[in-house]
>>> print(open('protein05.pdb').read())   # PDB, C-alpha atoms and all ligand atoms
MODEL        1
ATOM      1  CA  MET A   1       0.000   0.000   0.000
ATOM      2  CA  GLN A   2       1.287   3.460  -0.887
ATOM      3  CA  LYS A   3       1.910   5.802   2.070
ATOM      4  CA  SER A   4       0.221   9.272   1.936
ATOM      5  CA  SER A   5       2.760  11.962   0.951
ATOM      6  CA  LYS A   6       0.693  14.719   2.610
ATOM      7  CA  PRO A   7       2.583  16.352   5.496
ATOM      8  CA  ASN A   8       1.308  15.801   9.038
ATOM      9  CA  PRO A   9      -0.849  18.880   9.928
ATOM     10  CA  ILE A  10       0.426  19.083  13.528
ATOM     11  CA  VAL A  11       4.051  18.925  12.385
ATOM     12  CA  MET A  12       3.328  21.575   9.704
ATOM     13  CA  THR A  13       1.659  23.899  12.233
ATOM     14  CA  MET A  14       4.433  23.526  14.813
ATOM     15  CA  ALA A  15       7.136  23.952  12.149
ATOM     16  CA  SER A  16       5.599  27.116  10.666
ATOM     17  CA  LEU A  17       4.965  28.715  14.061
ATOM     18  CA  GLY A  18       8.450  27.659  15.182
ATOM     19  CA  ALA A  19       9.956  29.290  12.085
ATOM     20  CA  ALA A  20       8.026  32.518  12.819
ATOM     21  CA  LEU A  21       9.304  32.513  16.405
ATOM     22  CA  LEU A  22      12.851  31.929  15.185
ATOM     23  CA  LEU A  23      12.608  34.910  12.819
ATOM     24  CA  VAL A  24      11.363  37.097  15.690
ATOM     25  CA  LEU A  25      14.264  35.993  17.901
ATOM     26  CA  LEU A  26      16.667  36.720  15.044
ATOM     27  CA  ALA A  27      15.255  40.238  14.688
ATOM     28  CA  LEU A  28      15.707  40.824  18.429
ATOM     29  CA  LEU A  29      19.247  39.409  18.342
ATOM     30  CA  LEU A  30      20.088  41.635  15.391
ATOM     31  CA  THR A  31      18.890  44.792  17.133
ATOM     32  CA  GLY A  32      19.602  43.959  20.813
ATOM     33  CA  VAL A  33      17.289  43.866  23.844
ATOM     34  CA  PRO A  34      18.511  45.867  26.847
ATOM     35  CA  ASP A  35      15.325  45.345  28.898
ATOM     36  CA  ALA A  36      13.459  41.993  29.253
ATOM     37  CA  ASN A  37       9.991  43.540  29.599
ATOM     38  CA  ARG A  38      10.477  45.617  26.481
ATOM     39  CA  GLY A  39      11.908  42.525  24.793
ATOM     40  CA  VAL A  40       8.671  40.569  25.361
ATOM     41  CA  ILE A  41       6.566  43.530  24.162
ATOM     42  CA  ARG A  42       8.646  43.748  20.998
ATOM     43  CA  ALA A  43       8.734  39.982  20.422
ATOM     44  CA  ALA A  44       4.930  39.808  20.731
ATOM     45  CA  GLY A  45       4.508  42.792  18.363
ATOM     46  CA  LEU A  46       6.860  41.254  15.799
ATOM     47  CA  LEU A  47       5.141  37.863  16.069
ATOM     48  CA  ALA A  48       1.688  39.442  15.660
ATOM     49  CA  TYR A  49       2.909  41.386  12.631
ATOM     50  CA  LEU A  50       4.460  38.338  10.964
ATOM     51  CA  CYS A  51       1.449  36.099  11.688
ATOM     52  CA  VAL A  52      -1.197  38.487  10.306
ATOM     53  CA  PHE A  53       1.001  38.863   7.255
ATOM     54  CA  MET A  54       1.078  35.074   6.783
ATOM     55  CA  ALA A  55      -2.698  34.799   7.396
ATOM     56  CA  SER A  56      -3.317  37.430   4.725
ATOM     57  CA  LEU A  57      -0.745  36.091   2.264
ATOM     58  CA  ALA A  58      -2.270  32.598   2.594
ATOM     59  CA  SER A  59      -5.509  33.940   1.106
ATOM     60  CA  MET A  60      -3.667  34.322  -2.214
ATOM     61  CA  PHE A  61      -2.751  30.637  -2.276
ATOM     62  CA  MET A  62      -5.929  28.855  -1.208
ATOM     63  CA  ARG A  63      -5.723  26.169  -3.898
ATOM     64  CA  GLU A  64      -1.978  25.627  -3.475
ATOM     65  CA  ILE A  65      -2.434  25.222   0.299
ATOM     66  CA  VAL A  66      -5.065  22.524  -0.188
ATOM     67  CA  LYS A  67      -2.955  20.799  -2.857
ATOM     68  CA  ARG A  68       0.526  21.008  -1.335
ATOM     69  CA  VAL A  69      -0.030  21.334   2.415
ATOM     70  CA  GLY A  70      -3.031  19.006   2.362
ATOM     71  CA  GLN A  71      -5.073  21.198   4.709
ATOM     72  CA  PRO A  72      -8.128  23.357   4.065
ATOM     73  CA  PHE A  73      -7.263  27.063   3.673
ATOM     74  CA  MET A  74      -9.296  27.896   6.783
ATOM     75  CA  LYS A  75      -7.159  25.641   9.021
ATOM     76  CA  VAL A  76      -3.955  27.342   7.906
ATOM     77  CA  HIS A  77      -5.621  30.783   8.034
ATOM     78  CA  HIS A  78      -6.844  30.134  11.588
ATOM     79  CA  THR A  79      -3.418  29.011  12.813
ATOM     80  CA  TRP A  80      -1.833  32.299  11.717
ATOM     81  CA  VAL A  81      -4.834  34.382  12.808
ATOM     82  CA  ILE A  82      -4.908  32.889  16.312
ATOM     83  CA  ALA A  83      -1.124  33.244  16.747
ATOM     84  CA  GLY A  84      -1.389  36.843  15.474
ATOM     85  CA  LEU A  85      -4.224  37.747  17.815
ATOM     86  CA  VAL A  86      -2.413  36.183  20.804
ATOM     87  CA  GLY A  87       0.680  38.240  19.889
ATOM     88  CA  MET A  88      -1.442  41.409  19.721
ATOM     89  CA  VAL A  89      -3.058  40.704  23.099
ATOM     90  CA  VAL A  90       0.341  40.168  24.775
ATOM     91  CA  HIS A  91       1.927  43.186  23.000
ATOM     92  CA  THR A  92      -0.857  45.612  23.867
ATOM     93  CA  THR A  93      -1.736  44.275  27.348
ATOM     94  CA  LEU A  94       1.892  44.641  28.432
ATOM     95  CA  MET A  95       1.959  48.150  26.932
ATOM     96  CA  ALA A  96      -1.195  49.098  28.879
ATOM     97  CA  TRP A  97       0.178  47.527  32.064
ATOM     98  CA  ARG A  98       3.533  49.267  31.655
ATOM     99  CA  SER A  99       1.976  52.680  31.094
ATOM    100  CA  GLY A 100      -0.716  52.067  33.756
ATOM    101  CA  SER A 101      -3.452  53.318  31.448
ATOM    102  CA  LEU A 102      -6.043  51.960  29.033
ATOM    103  CA  SER A 103      -5.615  55.096  26.923
ATOM    104  CA  VAL A 104      -2.949  53.188  24.947
ATOM    105  CA  TYR A 105      -5.851  51.570  23.068
ATOM    106  CA  LEU A 106      -7.197  54.888  21.776
ATOM    107  CA  PRO A 107      -6.077  56.112  18.335
ATOM    108  CA  ARG A 108      -4.429  59.538  18.348
ATOM    109  CA  PHE A 109      -5.272  62.221  15.816
ATOM    110  CA  ASP A 110      -2.907  65.015  16.938
ATOM    111  CA  SER A 111      -1.122  64.949  13.550
ATOM    112  CA  LEU A 112      -0.483  62.487  10.709
ATOM    113  CA  GLN A 113       2.927  61.661  12.199
ATOM    114  CA  VAL A 114       1.422  60.925  15.631
ATOM    115  CA  PHE A 115      -1.478  58.961  14.077
ATOM    116  CA  LEU A 116       0.865  56.743  12.045
ATOM    117  CA  SER A 117       3.440  56.289  14.830
ATOM    118  CA  ASN A 118       0.569  55.049  16.969
ATOM    119  CA  GLY A 119      -0.949  53.211  13.996
ATOM    120  CA  GLY A 120      -0.938  49.982  16.046
ATOM    121  CA  ARG A 121      -3.957  51.351  17.944
ATOM    122  CA  PRO A 122      -6.351  51.715  14.990
ATOM    123  CA  ALA A 123      -4.796  48.546  13.484
ATOM    124  CA  LEU A 124      -5.713  46.605  16.620
ATOM    125  CA  LEU A 125      -9.300  47.868  16.449
ATOM    126  CA  LEU A 126      -9.534  46.947  12.755
ATOM    127  CA  PHE A 127      -8.063  43.461  13.278
ATOM    128  CA  ALA A 128     -10.522  42.858  16.135
ATOM    129  CA  LEU A 129     -13.412  44.084  13.972
ATOM    130  CA  THR A 130     -12.475  41.942  10.972
ATOM    131  CA  ALA A 131     -11.924  38.837  13.114
ATOM    132  CA  LEU A 132     -15.272  39.308  14.878
ATOM    133  CA  THR A 133     -17.198  39.970  11.668
ATOM    134  CA  ALA A 134     -15.571  36.895  10.097
ATOM    135  CA  VAL A 135     -16.703  34.758  13.034
ATOM    136  CA  PHE A 136     -20.274  36.062  12.599
ATOM    137  CA  ARG A 137     -20.164  36.072   8.787
ATOM    138  CA  ALA A 138     -23.201  33.806   8.429
ATOM    139  CA  ALA A 139     -25.339  36.393  10.223
ATOM    140  CA  ILE A 140     -23.775  39.383   8.384
ATOM    141  CA  GLY A 141     -24.187  37.993   4.889
ATOM    142  CA  LYS A 142     -21.841  38.259   1.904
ATOM    143  CA  ASN A 143     -20.761  41.811   2.746
ATOM    144  CA  TRP A 144     -18.550  40.407   5.508
ATOM    145  CA  ARG A 145     -15.886  39.971   2.808
ATOM    146  CA  VAL A 146     -15.775  43.705   2.129
ATOM    147  CA  LEU A 147     -15.307  44.306   5.867
ATOM    148  CA  HIS A 148     -12.562  41.670   5.785
ATOM    149  CA  TRP A 149     -10.630  43.799   3.279
ATOM    150  CA  LEU A 150      -9.965  46.181   6.170
ATOM    151  CA  ASN A 151      -7.246  43.694   7.172
ATOM    152  CA  TYR A 152      -5.082  45.158   4.393
ATOM    153  CA  LEU A 153      -5.525  48.670   5.789
ATOM    154  CA  ALA A 154      -4.808  47.400   9.301
ATOM    155  CA  PHE A 155      -1.578  45.804   8.069
ATOM    156  CA  LEU A 156      -0.454  49.065   6.441
ATOM    157  CA  LEU A 157      -1.154  50.928   9.692
ATOM    158  CA  ALA A 158       0.798  48.306  11.669
ATOM    159  CA  THR A 159       3.686  48.672   9.193
ATOM    160  CA  ALA A 160       3.778  52.457   9.594
ATOM    161  CA  HIS A 161       3.621  51.995  13.386
ATOM    162  CA  ALA A 162       6.531  49.517  13.434
ATOM    163  CA  TRP A 163       8.558  51.577  10.939
ATOM    164  CA  LEU A 164       8.191  54.774  12.918
ATOM    165  CA  ILE A 165       8.640  53.600  16.534
ATOM    166  CA  GLY A 166       9.861  49.995  16.474
ATOM    167  CA  THR A 167      13.361  49.534  17.829
ATOM    168  CA  SER A 168      14.005  46.591  15.479
ATOM    169  CA  PHE A 169      12.941  48.798  12.574
ATOM    170  CA  GLU A 170      15.844  51.139  13.261
ATOM    171  CA  SER A 171      17.779  48.473  11.339
ATOM    172  CA  TRP A 172      17.528  48.862   7.569
ATOM    173  CA  VAL A 173      17.078  45.075   7.254
ATOM    174  CA  LEU A 174      13.758  45.199   9.098
ATOM    175  CA  LYS A 175      12.793  48.469   7.389
ATOM    176  CA  VAL A 176      13.238  46.867   3.953
ATOM    177  CA  LEU A 177      11.498  43.636   5.050
ATOM    178  CA  GLY A 178       8.520  45.581   6.425
ATOM    179  CA  ALA A 179       8.273  47.585   3.191
ATOM    180  CA  ILE A 180       8.422  44.396   1.092
ATOM    181  CA  MET A 181       5.696  42.781   3.209
ATOM    182  CA  ALA A 182       3.436  45.830   2.906
ATOM    183  CA  VAL A 183       3.937  46.033  -0.873
ATOM    184  CA  ALA A 184       3.342  42.262  -1.155
ATOM    185  CA  LEU A 185      -0.037  42.560   0.569
ATOM    186  CA  VAL A 186      -1.066  45.536  -1.572
ATOM    187  CA  ALA A 187      -0.181  43.341  -4.573
ATOM    188  CA  VAL A 188      -2.221  40.449  -3.112
ATOM    189  CA  PHE A 189      -5.217  42.748  -2.711
ATOM    190  CA  ILE A 190      -4.954  43.994  -6.319
ATOM    191  CA  LEU A 191      -4.214  40.572  -7.849
ATOM    192  CA  LYS A 192      -7.092  38.934  -5.994
ATOM    193  CA  ARG A 193      -9.491  41.549  -7.373
ATOM    194  CA  ALA A 194      -8.005  41.272 -10.869
ATOM    195  CA  ARG A 195      -7.940  37.521 -11.305
ATOM    196  CA  LYS A 196     -10.924  35.749 -12.834
ATOM    197  CA  PRO A 197     -12.927  33.550 -10.470
ATOM    198  CA  LYS A 198     -12.341  29.853 -11.230
ATOM    199  CA  SER A 199     -15.373  27.642 -11.591
ATOM    200  CA  LYS A 200     -14.157  24.840  -9.299
ATOM    201  CA  LYS A 201     -14.874  25.516  -5.608
ATOM    202  CA  VAL A 202     -11.916  25.549  -3.206
ATOM    203  CA  LYS A 203     -12.159  23.531  -0.001
ATOM    204  CA  ARG A 204     -12.180  26.171   2.738
TER     205      ARG A 204
HETATM  206  C1  LIG B 301      -6.534  39.306  12.362
HETATM  207  C2  LIG B 301      -7.297  38.413  11.814
HETATM  208  C3  LIG B 301      -7.409  38.140  10.340
HETATM  209  C4  LIG B 301      -6.666  38.576   9.278
HETATM  210  C5  LIG B 301      -5.454  39.494   9.282
HETATM  211  C6  LIG B 301      -7.265  38.015   8.074
HETATM  212  C7  LIG B 301      -6.835  38.280   6.788
HETATM  213  C8  LIG B 301      -7.494  37.851   5.648
HETATM  214  C9  LIG B 301      -7.242  38.342   4.309
HETATM  215  C10 LIG B 301      -6.297  39.478   3.938
HETATM  216  C11 LIG B 301      -8.033  37.645   3.470
HETATM  217  C12 LIG B 301      -8.162  37.836   1.956
HETATM  218  C13 LIG B 301      -9.350  38.766   1.711
HETATM  219  C14 LIG B 301      -9.534  39.115   0.249
HETATM  220  O1  LIG B 301      -8.627  39.707  -0.338
HETATM  221  O2  LIG B 301     -10.591  38.820  -0.289
HETATM  222  C15 LIG B 301      -8.777  36.699   4.270
HETATM  223  C16 LIG B 301      -9.694  35.791   3.764
HETATM  224  C17 LIG B 301     -10.489  35.014   4.546
HETATM  225  N1  LIG B 301     -10.565  34.999   5.920
HETATM  226 FE1  LIG B 301      -9.454  36.092   7.175
HETATM  227  N2  LIG B 301      -8.321  37.220   8.445
HETATM  228  C18 LIG B 301      -8.451  37.269   9.810
HETATM  229  C19 LIG B 301      -9.382  36.616  10.585
HETATM  230  C20 LIG B 301     -10.279  35.683  10.119
HETATM  231  C21 LIG B 301     -11.186  34.916  10.913
HETATM  232  C22 LIG B 301     -11.287  35.010  12.450
HETATM  233  C23 LIG B 301     -11.902  34.112  10.065
HETATM  234  C24 LIG B 301     -12.988  33.123  10.326
HETATM  235  C25 LIG B 301     -13.503  32.851  11.499
HETATM  236  C26 LIG B 301     -11.437  34.395   8.732
HETATM  237  C27 LIG B 301     -11.908  33.791   7.576
HETATM  238  C28 LIG B 301     -11.516  34.089   6.298
HETATM  239  C29 LIG B 301     -12.085  33.472   5.095
HETATM  240  C30 LIG B 301     -13.192  32.431   5.029
HETATM  241  C31 LIG B 301     -11.437  34.063   4.009
HETATM  242  C32 LIG B 301     -11.675  33.759   2.516
HETATM  243  C33 LIG B 301     -12.599  34.798   1.973
HETATM  244  C34 LIG B 301     -12.922  34.503   0.534
HETATM  245  O3  LIG B 301     -13.784  33.691   0.321
HETATM  246  O4  LIG B 301     -12.275  35.056  -0.346
HETATM  247  N3  LIG B 301     -10.456  35.359   8.780
HETATM  248  N4  LIG B 301      -8.436  36.866   5.592
HETATM  249  C1  LIG B 302      -2.916  49.399  21.505
HETATM  250  C2  LIG B 302      -2.206  49.156  20.448
HETATM  251  C3  LIG B 302      -0.689  49.192  20.384
HETATM  252  C4  LIG B 302       0.218  49.871  21.158
HETATM  253  C5  LIG B 302      -0.056  50.815  22.325
HETATM  254  C6  LIG B 302       1.538  49.552  20.665
HETATM  255  C7  LIG B 302       2.729  50.056  21.171
HETATM  256  C8  LIG B 302       3.981  49.826  20.654
HETATM  257  C9  LIG B 302       5.202  50.436  21.104
HETATM  258  C10 LIG B 302       5.326  51.447  22.240
HETATM  259  C11 LIG B 302       6.203  49.954  20.326
HETATM  260  C12 LIG B 302       7.704  50.315  20.411
HETATM  261  C13 LIG B 302       8.403  49.196  21.155
HETATM  262  C14 LIG B 302       9.918  49.283  21.052
HETATM  263  O1  LIG B 302      10.462  49.130  19.966
HETATM  264  O2  LIG B 302      10.556  49.484  22.084
HETATM  265  C15 LIG B 302       5.627  49.041  19.380
HETATM  266  C16 LIG B 302       6.338  48.358  18.427
HETATM  267  C17 LIG B 302       5.781  47.459  17.546
HETATM  268  N1  LIG B 302       4.455  47.139  17.432
HETATM  269 FE1  LIG B 302       2.935  47.901  18.504
HETATM  270  N2  LIG B 302       1.413  48.680  19.600
HETATM  271  C18 LIG B 302       0.075  48.441  19.396
HETATM  272  C19 LIG B 302      -0.482  47.606  18.440
HETATM  273  C20 LIG B 302       0.223  46.855  17.545
HETATM  274  C21 LIG B 302      -0.355  45.932  16.591
HETATM  275  C22 LIG B 302      -1.851  45.661  16.427
HETATM  276  C23 LIG B 302       0.690  45.372  15.908
HETATM  277  C24 LIG B 302       0.701  44.349  14.792
HETATM  278  C25 LIG B 302      -0.205  43.557  14.435
HETATM  279  C26 LIG B 302       1.905  45.938  16.420
HETATM  280  C27 LIG B 302       3.167  45.617  15.972
HETATM  281  C28 LIG B 302       4.328  46.201  16.421
HETATM  282  C29 LIG B 302       5.639  45.899  15.878
HETATM  283  C30 LIG B 302       5.953  44.933  14.737
HETATM  284  C31 LIG B 302       6.543  46.688  16.577
HETATM  285  C32 LIG B 302       8.048  46.769  16.345
HETATM  286  C33 LIG B 302       8.775  45.951  17.399
HETATM  287  C34 LIG B 302      10.258  46.098  17.258
HETATM  288  O3  LIG B 302      10.707  46.998  16.549
HETATM  289  O4  LIG B 302      10.984  45.306  17.870
HETATM  290  N3  LIG B 302       1.589  46.832  17.410
HETATM  291  N4  LIG B 302       4.278  48.985  19.604
ENDMDL
END
>>> encode(input="protein05.pdb", output="structure tokens", more="lines below")
Ligand code: HEM
Ligand code: HEM
Amino acid sequence: MQKSSKPNPIVMTMASLGAALLLVLLALLLTGVPDANRGVIRAAGLLAYLCVFMASLASMFMREIVKRVGQPFMKVHHTWVIAGLVGMVVHTTLMAWRSGSLSVYLPRFDSLQVFLSNGGRPALLLFALTALTAVFRAAIGKNWRVLHWLNYLAFLLATAHAWLIGTSFESWVLKVLGAIMAVALVAVFILKRARKPKSKKVKR
């Protein structure tokens, strides 16, 4: 009997999350962490950023994921989404705890520079909104997808936020990587709208 060549889903999940964690540690090593508390805040922010990127990028490769990874798109999407949301919760809860105020969750509109530097705040609200509306998509109807597009905007806001105040992003390596990731998702958004819908349904 021929053995299945499809990778084990648990191994795949652990390996991909492990690789993401490794990249985050590399970024911290590259830029240095003088303070442990700040190190955890930054690691969680970087992990959240990388995971929502992967969740979004995966949407471009639904068929390939089913074919090559052997898992429905939604399983892979959920792995990255959950890891991303956990990262956001840790990143922002520690920020609120450190500053002793819940005002860290409120977007700031003092100027464009201040708004974008603190772009993580509106990004967090948008990610929470899109995740919630996706969970209740059956009740919302087909327009939930349009709301889900806000994930792209949230990612751009998170990129501006990391670029402008992230310690790791003082390094040009991270600056370039962040820019490439943002451009890649803009391209995903455009390409997904441009490509013709295929007749065969994808297993989600
Ligand atoms: C922070 C959380 C999330 C992010 C960043 C994210 C990101 C994305 C992106 C960028 C797309 C492609 C949208 C497009 O261009 O049409 C997508 C598709 C999708 N997402 Fe999410 N998502 C998140 C949470 C969720 C959750 C919680 C669910 C379900 C409970 C979900 C279910 C889906 C589904 C079903 C699609 C495919 C939509 C289609 O049919 O084209 N997402 N997601
Ligand atoms: C209430 C919302 C948020 C607050 C108050 C906040 C606060 C901060 C602060 C103060 C920093 C600078 C840390 C440092 O480099 O020392 C930072 C960095 C960062 N944040 Fe946020 N953030 C928020 C939301 C988000 C969200 C939603 C994401 C991504 C999904 C995110 C991703 C990042 C990243 C990638 C960095 C760069 C870390 C580094 O350079 O090492 N943040 N954030």
>>> atom_distance(input="protein05.pdb", atom1="atom C10 of ligand LIG 302 (chain B)", atom2="CA of Ala128 in chain A")
19.0 Å
>>> residues_near_ligand(input="protein05.pdb", ligand="ligand LIG 302 (chain B)", cutoff="8 Å", atoms="only C-alpha atoms and all ligand atoms", output="PDB file with C-alpha atoms, in the coordinates of the input")
ATOM      1  CA  ALA A  27      15.255  40.238  14.688  1.00  0.00           C
ATOM      2  CA  LEU A  28      15.707  40.824  18.429  1.00  0.00           C
ATOM      3  CA  THR A  31      18.890  44.792  17.133  1.00  0.00           C
ATOM      4  CA  ARG A  38      10.477  45.617  26.481  1.00  0.00           C
ATOM      5  CA  GLY A  39      11.908  42.525  24.793  1.00  0.00           C
ATOM      6  CA  ILE A  41       6.566  43.530  24.162  1.00  0.00           C
ATOM      7  CA  ARG A  42       8.646  43.748  20.998  1.00  0.00           C
ATOM      8  CA  ALA A  43       8.734  39.982  20.422  1.00  0.00           C
ATOM      9  CA  ALA A  44       4.930  39.808  20.731  1.00  0.00           C
ATOM     10  CA  GLY A  45       4.508  42.792  18.363  1.00  0.00           C
ATOM     11  CA  LEU A  46       6.860  41.254  15.799  1.00  0.00           C
ATOM     12  CA  LEU A  47       5.141  37.863  16.069  1.00  0.00           C
ATOM     13  CA  ALA A  48       1.688  39.442  15.660  1.00  0.00           C
ATOM     14  CA  TYR A  49       2.909  41.386  12.631  1.00  0.00           C
ATOM     15  CA  LEU A  50       4.460  38.338  10.964  1.00  0.00           C
ATOM     16  CA  VAL A  52      -1.197  38.487  10.306  1.00  0.00           C
ATOM     17  CA  GLY A  84      -1.389  36.843  15.474  1.00  0.00           C
ATOM     18  CA  LEU A  85      -4.224  37.747  17.815  1.00  0.00           C
ATOM     19  CA  GLY A  87       0.680  38.240  19.889  1.00  0.00           C
ATOM     20  CA  MET A  88      -1.442  41.409  19.721  1.00  0.00           C
ATOM     21  CA  HIS A  91       1.927  43.186  23.000  1.00  0.00           C
ATOM     22  CA  THR A  92      -0.857  45.612  23.867  1.00  0.00           C
ATOM     23  CA  THR A  93      -1.736  44.275  27.348  1.00  0.00           C
ATOM     24  CA  MET A  95       1.959  48.150  26.932  1.00  0.00           C
ATOM     25  CA  ALA A  96      -1.195  49.098  28.879  1.00  0.00           C
ATOM     26  CA  VAL A 104      -2.949  53.188  24.947  1.00  0.00           C
ATOM     27  CA  TYR A 105      -5.851  51.570  23.068  1.00  0.00           C
ATOM     28  CA  LEU A 106      -7.197  54.888  21.776  1.00  0.00           C
ATOM     29  CA  ASN A 118       0.569  55.049  16.969  1.00  0.00           C
ATOM     30  CA  GLY A 119      -0.949  53.211  13.996  1.00  0.00           C
ATOM     31  CA  GLY A 120      -0.938  49.982  16.046  1.00  0.00           C
ATOM     32  CA  ARG A 121      -3.957  51.351  17.944  1.00  0.00           C
ATOM     33  CA  PRO A 122      -6.351  51.715  14.990  1.00  0.00           C
ATOM     34  CA  ALA A 123      -4.796  48.546  13.484  1.00  0.00           C
ATOM     35  CA  LEU A 124      -5.713  46.605  16.620  1.00  0.00           C
ATOM     36  CA  LEU A 125      -9.300  47.868  16.449  1.00  0.00           C
ATOM     37  CA  PHE A 127      -8.063  43.461  13.278  1.00  0.00           C
ATOM     38  CA  ALA A 154      -4.808  47.400   9.301  1.00  0.00           C
ATOM     39  CA  PHE A 155      -1.578  45.804   8.069  1.00  0.00           C
ATOM     40  CA  ALA A 158       0.798  48.306  11.669  1.00  0.00           C
ATOM     41  CA  THR A 159       3.686  48.672   9.193  1.00  0.00           C
ATOM     42  CA  HIS A 161       3.621  51.995  13.386  1.00  0.00           C
ATOM     43  CA  ALA A 162       6.531  49.517  13.434  1.00  0.00           C
ATOM     44  CA  TRP A 163       8.558  51.577  10.939  1.00  0.00           C
ATOM     45  CA  ILE A 165       8.640  53.600  16.534  1.00  0.00           C
ATOM     46  CA  GLY A 166       9.861  49.995  16.474  1.00  0.00           C
ATOM     47  CA  THR A 167      13.361  49.534  17.829  1.00  0.00           C
ATOM     48  CA  SER A 168      14.005  46.591  15.479  1.00  0.00           C
ATOM     49  CA  PHE A 169      12.941  48.798  12.574  1.00  0.00           C
ATOM     50  CA  GLU A 170      15.844  51.139  13.261  1.00  0.00           C
TER      51      GLU A 170
END
>>> resolve_selection(input="protein05.pdb", expression="the PyMOL selection byres (((not hetatm)) within 9 of (chain B and resi 301))", output="number ranges by chain")
A: 48, 51-60, 62, 73-74, 77-78, 80-82, 84-85, 124, 126-137, 144-146, 148-152, 154-155, 185, 188-193, 204
>>> atom_distance(input="protein05.pdb", atom1="CA of Ala36 in chain A", atom2="CA of Ala20 in chain A")
19.7 Å
>>> closest_residue(input="protein05.pdb", among="A:Arg98, A:Pro9, A:Phe109, A:Ser103", to="Val76 in chain A", atoms="only C-alpha atoms")
A:Pro9
>>> closest_residue(input="protein05.pdb", among="A:Ala184, A:Leu174, A:Val66, A:Ala160", to="Leu23 in chain A", atoms="all atoms listed in the file")
A:Leu174
>>> axis_aligned_box(input="protein05.pdb", around="range 146-161 of chain A", padding_each_side="6 Å", output="lines of an AutoDock Vina configuration file")
center_x = -6.0
center_y = 47.1
center_z = 7.8
size_x = 31.6
size_y = 22.8
size_z = 23.3
>>> closest_residue(input="protein05.pdb", among="A:Ile140, A:Ala83, A:Leu156, A:Leu26", to="Thr13 in chain A", atoms="all atoms listed in the file")
A:Ala83
>>> residues_near_point(input="protein05.pdb", point="(-1.9, 19.2, 12.4)", cutoff="10 Å", atoms="only C-alpha atoms", output="compact mmCIF listing (two decimals) with C-alpha atoms, in the coordinates of the input")
# COMPACT_ATOMS: atom_id res chain seq x y z
CA PRO A 7 2.58 16.35 5.50
CA ASN A 8 1.31 15.80 9.04
CA PRO A 9 -0.85 18.88 9.93
CA ILE A 10 0.43 19.08 13.53
CA VAL A 11 4.05 18.92 12.38
CA MET A 12 3.33 21.58 9.70
CA THR A 13 1.66 23.90 12.23
CA MET A 14 4.43 23.53 14.81
CA GLN A 71 -5.07 21.20 4.71
CA LYS A 75 -7.16 25.64 9.02
CA VAL A 76 -3.96 27.34 7.91
CA THR A 79 -3.42 29.01 12.81
>>> atom_distance(input="protein05.pdb", atom1="CA of Val173 in chain A", atom2="CA of Leu22 in chain A")
15.9 Å
